[in-house]
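Have a look at the structure below, then the notes.
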Amino acid sequence: MSENRKMYRFTAVWTIFCLCGIFSAAAQAGTLKDLVVVKSKVLVVMSYDDSFPWVTETKEGIDSVLSQTCEVRYFYMDTKRNPPGAAQKAKEAFSLYQEFQPDGVIASDDDAQSAFAVPYLKDKVKTPVMFCGVNADAGKYGYPAANVSGILERYHVSESVAFVRQIIPSIKTFGYIMTDGSTGTAALEQIQSEATGYPAKFTAYKMPRTLKETKAMTEELKSQCDTLFTPTMQGIVGDDGKSLSDKEVLPIVAEIFGKAVIGGSGYNIKYGMLCGVIKTGQEQGNMAAKMLLKAMGGTPVSQIPVIRNQNGKRIVNATVMKALGVKPNPAVLEGAELVRTEK
C-alpha cells in the first residue's frame, strides 16, 4: 500500500473517531442542543411606561451591556400614569418572573422596589436582583439584602445650583417643585439632607398633583426664591383628568416663574429650563447590568456593594439664556452641551 493511501486511511479513521467522540458526548449529555451555549435570562421590571424618556435612557444603558449575551425581557409597571395600579402590575411582573425563570433581575426606580422587588423577591428567592434609579435611601427597602444590591440615583443638585450661579451670580436662594409621588419625596429628602452644603440657600418647596395646583404653587414660589429646581413634572394631572408630560407642564412652570429654572434630567432642559447638571439613565442601567453580570457569574451579592451615580453632564438652553438676557463669561459654558427650547 502506498504511503499516500496509508495517510488517507489514517486521516479518515481519525476523523470518524473524533466525530464518534463528539456524538457520544452529546448523547451522554442528552441532545446536541446541550453543546450550544445558552444565553442567561434577565427580567427587567421598569416602574414607568416605555415612552417615558428616563425609561428609554435606562433601557439603553442595560442593553449596552446585556443585549449580546443575554435574553432580556422588559416589563413596564406604568406607575407615573397609573399610581393605583402598582400592586396589580407588580403581581403581573411576578407571574412573568415565575414563567420566565430568569437568572437575574433588574428592578428600576422606586415603585419597582416597594411594589415588586421587596414583597416578591428580596430574601425570598435565590435569583440575584440589582436595582437602579432608586432615589430613596437604600435602607428604606432593607437594601442591601442577601440577593439584592444596586445603584442609587442622586440628582446633582449642588452642582446644578453652582452652575446656575456661575451663569447668574446674583442668585442667592433656590426652591424645589416636583410631582407629588415616591420619586418627588425621595428627591426632596436628598435636598433637605444636603441643604447646608449648597452654594445657595434652600428656601421653599412644593409638590403638586394637578395642573391647577402646579400653577398656583409656582406663583407662590416666584416670590420665595431666585431660581427653581425641578427634575421632572411628569405625571401631573391635567384639567381633563389625564396624565401630562414634561413637554406639556414645564413650559407653563417656566413662564409663570419668569426666572431661571434648573433641572436634573437631560431630556427636559429643552422645555423651558435654563440649565442643569444632569444625571443619566444610561449610567444607571449600564452599572446595574454590569453588577448583575458579576452576580450571575458567581460573585456573591454580598460582595457587590451598593453604589451611587457619579457622572454629571452640564446642559444649557441657549433660547432661555437669550430670553433672560443672560450673557455669562464664555469660560462658564466651555464643555457644556447647548440645546434650544423645543415647542
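Residue numbering restarts at 1 for every chain of the C-alpha cells, chains are lettered A, B, ... in their displayed order, and ligands are numbered from 1 as they appear.
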- Message: Show me, as a PyMOL selection string, the residues that have an atom within 12 Å of Pro84 (chain A) when counting only C-alpha atoms, minus same-chain residues fewer than 5 positions from it.
- Response: chain A and resi 77-79+89-90+111+115+181
Using only C-alpha atoms, I'd like a table of the residues in region 167-215 of chain A that come within 12 Å of region 258-273 of chain A; for each, show the closest atom pair and its distance in Å rounded to one decimal, ordered by chain and ascending number, as a tab-separated table.
```
residue	atom	partner	partner_atom	distance
A:Ile167	CA	A:Ala260	CA	10.0
A:Ile168	CA	A:Ala260	CA	8.7
A:Pro169	CA	A:Ala260	CA	11.8
A:Ser170	CA	A:Ala260	CA	11.4
A:Ile171	CA	A:Ala260	CA	9.3
A:Thr173	CA	A:Ala260	CA	11.5
A:Phe174	CA	A:Val261	CA	9.4
A:Gly175	CA	A:Val261	CA	9.5
A:Tyr176	CA	A:Ile262	CA	9.6
A:Ile177	CA	A:Val261	CA	10.2
A:Met178	CA	A:Gly263	CA	10.5
A:Ala187	CA	A:Gly264	CA	10.5
```
Expected file contents, prior selection, all heavy atoms, as a PDB file, in the first residue's frame:
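Written output follows (again-v6.pdb):
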```pdb
ATOM      1  N   ILE A 167     -23.684  81.292  35.920  1.00  0.00           N
ATOM      2  CA  ILE A 167     -24.335  81.970  34.796  1.00  0.00           C
ATOM      3  C   ILE A 167     -25.004  83.255  35.260  1.00  0.00           C
ATOM      4  O   ILE A 167     -24.932  84.299  34.600  1.00  0.00           O
ATOM      5  CB  ILE A 167     -25.374  81.028  34.131  1.00  0.00           C
ATOM      6  CG1 ILE A 167     -24.667  79.786  33.559  1.00  0.00           C
ATOM      7  CG2 ILE A 167     -26.143  81.749  33.027  1.00  0.00           C
ATOM      8  CD1 ILE A 167     -25.612  78.722  33.038  1.00  0.00           C
ATOM      9  N   ILE A 168     -25.667  83.211  36.442  1.00  0.00           N
ATOM     10  CA  ILE A 168     -26.343  84.377  37.017  1.00  0.00           C
ATOM     11  C   ILE A 168     -25.839  84.545  38.456  1.00  0.00           C
ATOM     12  O   ILE A 168     -26.425  83.998  39.414  1.00  0.00           O
ATOM     13  CB  ILE A 168     -27.880  84.210  37.010  1.00  0.00           C
ATOM     14  CG1 ILE A 168     -28.379  83.851  35.604  1.00  0.00           C
ATOM     15  CG2 ILE A 168     -28.565  85.483  37.507  1.00  0.00           C
ATOM     16  CD1 ILE A 168     -29.877  83.571  35.539  1.00  0.00           C
ATOM     17  N   PRO A 169     -24.764  85.257  38.685  1.00  0.00           N
ATOM     18  CA  PRO A 169     -24.147  85.377  40.012  1.00  0.00           C
ATOM     19  C   PRO A 169     -25.051  85.979  41.088  1.00  0.00           C
ATOM     20  O   PRO A 169     -24.806  85.781  42.289  1.00  0.00           O
ATOM     21  CB  PRO A 169     -22.930  86.285  39.750  1.00  0.00           C
ATOM     22  CG  PRO A 169     -22.622  86.085  38.299  1.00  0.00           C
ATOM     23  CD  PRO A 169     -23.967  85.923  37.640  1.00  0.00           C
ATOM     24  N   SER A 170     -26.098  86.713  40.691  1.00  0.00           N
ATOM     25  CA  SER A 170     -26.965  87.370  41.682  1.00  0.00           C
ATOM     26  C   SER A 170     -27.874  86.390  42.420  1.00  0.00           C
ATOM     27  O   SER A 170     -28.500  86.749  43.423  1.00  0.00           O
ATOM     28  CB  SER A 170     -27.830  88.430  40.992  1.00  0.00           C
ATOM     29  OG  SER A 170     -28.660  87.837  40.000  1.00  0.00           O
ATOM     30  N   ILE A 171     -27.959  85.147  41.962  1.00  0.00           N
ATOM     31  CA  ILE A 171     -28.837  84.149  42.599  1.00  0.00           C
ATOM     32  C   ILE A 171     -28.304  83.794  43.987  1.00  0.00           C
ATOM     33  O   ILE A 171     -27.135  83.453  44.159  1.00  0.00           O
ATOM     34  CB  ILE A 171     -28.936  82.877  41.727  1.00  0.00           C
ATOM     35  CG1 ILE A 171     -29.795  83.161  40.484  1.00  0.00           C
ATOM     36  CG2 ILE A 171     -29.505  81.709  42.523  1.00  0.00           C
ATOM     37  CD1 ILE A 171     -29.867  82.011  39.501  1.00  0.00           C
ATOM     38  N   THR A 173     -30.885  82.278  46.443  1.00  0.00           N
ATOM     39  CA  THR A 173     -31.797  81.284  47.024  1.00  0.00           C
ATOM     40  C   THR A 173     -32.382  80.410  45.924  1.00  0.00           C
ATOM     41  O   THR A 173     -32.467  80.817  44.764  1.00  0.00           O
ATOM     42  CB  THR A 173     -32.947  81.965  47.776  1.00  0.00           C
ATOM     43  OG1 THR A 173     -33.695  82.781  46.854  1.00  0.00           O
ATOM     44  CG2 THR A 173     -32.427  82.836  48.915  1.00  0.00           C
ATOM     45  N   PHE A 174     -32.795  79.202  46.303  1.00  0.00           N
ATOM     46  CA  PHE A 174     -33.469  78.344  45.332  1.00  0.00           C
ATOM     47  C   PHE A 174     -34.589  77.553  46.004  1.00  0.00           C
ATOM     48  O   PHE A 174     -34.583  77.300  47.215  1.00  0.00           O
ATOM     49  CB  PHE A 174     -32.481  77.398  44.633  1.00  0.00           C
ATOM     50  CG  PHE A 174     -32.119  76.150  45.402  1.00  0.00           C
ATOM     51  CD1 PHE A 174     -32.742  74.933  45.118  1.00  0.00           C
ATOM     52  CD2 PHE A 174     -31.146  76.179  46.394  1.00  0.00           C
ATOM     53  CE1 PHE A 174     -32.397  73.778  45.807  1.00  0.00           C
ATOM     54  CE2 PHE A 174     -30.791  75.024  47.080  1.00  0.00           C
ATOM     55  CZ  PHE A 174     -31.421  73.821  46.789  1.00  0.00           C
ATOM     56  N   GLY A 175     -35.582  77.201  45.164  1.00  0.00           N
ATOM     57  CA  GLY A 175     -36.698  76.397  45.627  1.00  0.00           C
ATOM     58  C   GLY A 175     -36.799  75.113  44.821  1.00  0.00           C
ATOM     59  O   GLY A 175     -36.045  74.893  43.870  1.00  0.00           O
ATOM     60  N   TYR A 176     -37.755  74.284  45.198  1.00  0.00           N
ATOM     61  CA  TYR A 176     -37.902  72.960  44.575  1.00  0.00           C
ATOM     62  C   TYR A 176     -39.377  72.693  44.301  1.00  0.00           C
ATOM     63  O   TYR A 176     -40.237  72.948  45.139  1.00  0.00           O
ATOM     64  CB  TYR A 176     -37.343  71.900  45.523  1.00  0.00           C
ATOM     65  CG  TYR A 176     -37.725  70.460  45.208  1.00  0.00           C
ATOM     66  CD1 TYR A 176     -37.111  69.769  44.167  1.00  0.00           C
ATOM     67  CD2 TYR A 176     -38.685  69.798  45.969  1.00  0.00           C
ATOM     68  CE1 TYR A 176     -37.450  68.442  43.901  1.00  0.00           C
ATOM     69  CE2 TYR A 176     -39.026  68.480  45.709  1.00  0.00           C
ATOM     70  CZ  TYR A 176     -38.404  67.802  44.671  1.00  0.00           C
ATOM     71  OH  TYR A 176     -38.741  66.500  44.408  1.00  0.00           O
ATOM     72  N   ILE A 177     -39.653  72.160  43.097  1.00  0.00           N
ATOM     73  CA  ILE A 177     -41.006  71.731  42.777  1.00  0.00           C
ATOM     74  C   ILE A 177     -40.921  70.445  41.968  1.00  0.00           C
ATOM     75  O   ILE A 177     -40.074  70.311  41.083  1.00  0.00           O
ATOM     76  CB  ILE A 177     -41.787  72.823  41.994  1.00  0.00           C
ATOM     77  CG1 ILE A 177     -43.257  72.405  41.833  1.00  0.00           C
ATOM     78  CG2 ILE A 177     -41.144  73.134  40.651  1.00  0.00           C
ATOM     79  CD1 ILE A 177     -44.158  73.527  41.315  1.00  0.00           C
ATOM     80  N   MET A 178     -41.781  69.494  42.298  1.00  0.00           N
ATOM     81  CA  MET A 178     -41.815  68.227  41.574  1.00  0.00           C
ATOM     82  C   MET A 178     -43.148  67.551  41.846  1.00  0.00           C
ATOM     83  O   MET A 178     -43.773  67.756  42.887  1.00  0.00           O
ATOM     84  CB  MET A 178     -40.661  67.320  41.993  1.00  0.00           C
ATOM     85  CG  MET A 178     -40.516  66.067  41.154  1.00  0.00           C
ATOM     86  SD  MET A 178     -38.958  65.204  41.527  1.00  0.00           S
ATOM     87  CE  MET A 178     -39.178  63.709  40.576  1.00  0.00           C
ATOM     88  N   ALA A 187     -36.458  62.750  46.323  1.00  0.00           N
ATOM     89  CA  ALA A 187     -35.594  63.840  45.874  1.00  0.00           C
ATOM     90  C   ALA A 187     -35.601  64.982  46.879  1.00  0.00           C
ATOM     91  O   ALA A 187     -34.561  65.604  47.149  1.00  0.00           O
ATOM     92  CB  ALA A 187     -36.038  64.335  44.501  1.00  0.00           C
TER      93      ALA A 187
END
```
(Q) Taking only C-alpha atoms into account, name the residue in A:Val249, A:Ala204, A:Ala336, A:Val44 that is nearest to Met130 (chain A). (A)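 Smallest separation from Met130 (chain A) among the options: A:Val44.
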Using DSSP on the backbone coordinates, identify the residues of region 48-278 of chain A assigned to strand (DSSP E or B); present them as a PyMOL selection string.
chain A and resi 70-76+104-108+129-134+145+148-152+173-177+201-206+210+227-229+237+243+261-265+275-278
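Using only C-alpha atoms, the nearest neighbour of Pro83 (chain A) within the list A:Ala136, A:Ala107, A:Ala112, A:Ile252 is A:Ala112.
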request  = With a distance cut-off of 12 Å and only C-alpha atoms, select the neighbouring residues of Phe94 (chain A), excluding the residue or stretch itself and same-chain residues fewer than 2 positions from it, and output the selection as a ChimeraX atom specification.
outcome  = /A:43-45,75,77,87-92,96-102,105,107,112,115-121,125
- Query: Can you list, as a PyMOL selection string, every protein, DNA or RNA residue that comes within 6 Å of region 206-211 of chain A when you count only C-alpha atoms, leaving out same-chain residues fewer than 3 positions away?
  - Reply: chain A and resi 177-180+214+236-238
File of the preceding selection, N, CA and C atoms, as an mmCIF file, in the first residue's frame:
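Now in result.cif:
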```cif
data_model
loop_
_atom_site.group_PDB
_atom_site.id
_atom_site.type_symbol
_atom_site.label_atom_id
_atom_site.label_comp_id
_atom_site.auth_asym_id
_atom_site.auth_seq_id
_atom_site.Cartn_x
_atom_site.Cartn_y
_atom_site.Cartn_z
ATOM 1 N N ILE A 177 -39.653 72.160 43.097
ATOM 2 C CA ILE A 177 -41.006 71.731 42.777
ATOM 3 C C ILE A 177 -40.921 70.445 41.968
ATOM 4 N N MET A 178 -41.781 69.494 42.298
ATOM 5 C CA MET A 178 -41.815 68.227 41.574
ATOM 6 C C MET A 178 -43.148 67.551 41.846
ATOM 7 N N THR A 179 -43.574 66.735 40.915
ATOM 8 C CA THR A 179 -44.826 65.995 41.060
ATOM 9 C C THR A 179 -44.838 65.209 42.362
ATOM 10 N N ASP A 180 -45.918 65.294 43.097
ATOM 11 C CA ASP A 180 -46.057 64.562 44.353
ATOM 12 C C ASP A 180 -46.066 63.060 44.073
ATOM 13 N N THR A 214 -50.172 73.109 40.304
ATOM 14 C CA THR A 214 -48.849 73.476 39.790
ATOM 15 C C THR A 214 -48.771 74.962 39.500
ATOM 16 N N ILE A 236 -48.190 64.984 36.232
ATOM 17 C CA ILE A 236 -49.163 65.970 36.712
ATOM 18 C C ILE A 236 -50.494 65.725 35.986
ATOM 19 N N VAL A 237 -51.577 65.792 36.739
ATOM 20 C CA VAL A 237 -52.897 65.520 36.163
ATOM 21 C C VAL A 237 -53.497 66.807 35.600
ATOM 22 N N GLY A 238 -53.888 66.758 34.337
ATOM 23 C CA GLY A 238 -54.458 67.923 33.677
ATOM 24 C C GLY A 238 -55.900 68.181 34.059
#
```
Exercise. Give the answer as one residue: which of A:Thr280, A:Thr230, A:Asn329, A:Ser193 has the shortest atom-to-atom distance to Asn309 (chain A), using only C-alpha atoms?
Key: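 Counting only C-alpha atoms, the residue closest to Asn309 (chain A) is A:Thr280.
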Worksheet item: Per DSSP on the backbone, what are the helix (DSSP H, G or I) residues of region 70-282 of chain A, as a PyMOL selection string?
Response: chain A and resi 83-100+110-121+138-141+157-167+182-197+211-222+246-257+266-271+281-282
- Hey, which of A:Pro53, A:Gly184, A:Pro199, A:Gly276 ends up closest to Ser160 (chain A)? Count only C-alpha atoms.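 Once distances to Ser160 (chain A) are computed over only C-alpha atoms, the minimum belongs to A:Gly276.
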Counting only C-alpha atoms, closest pick from A:Ser158, A:Asp110, A:Val320, A:Arg73 relative to Gln192 (chain A) is A:Ser158
(Q) To one decimal place in Å, what is the distance between CA of Val253 (chain A) and CA of Asp50 (chain A)? (A)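 Here the two named atoms are 25.0 Å from each other.
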Exercise: Lys39 (chain A) partners within 8 Å, only C-alpha atoms, chain neighbours under 6 positions left out, as JSON, numbers by chain | {"A": [69, 70, 71]}
Quiz prompt | Closest of A:Glu342, A:Lys313, A:Cys132, A:Gln166 to Lys327 (chain A) - atom-to-atom distances counting only C-alpha atoms | solution =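 Between A:Glu342, A:Lys313, A:Cys132, A:Gln166, the residue approaching Lys327 (chain A) most closely is A:Gln166.
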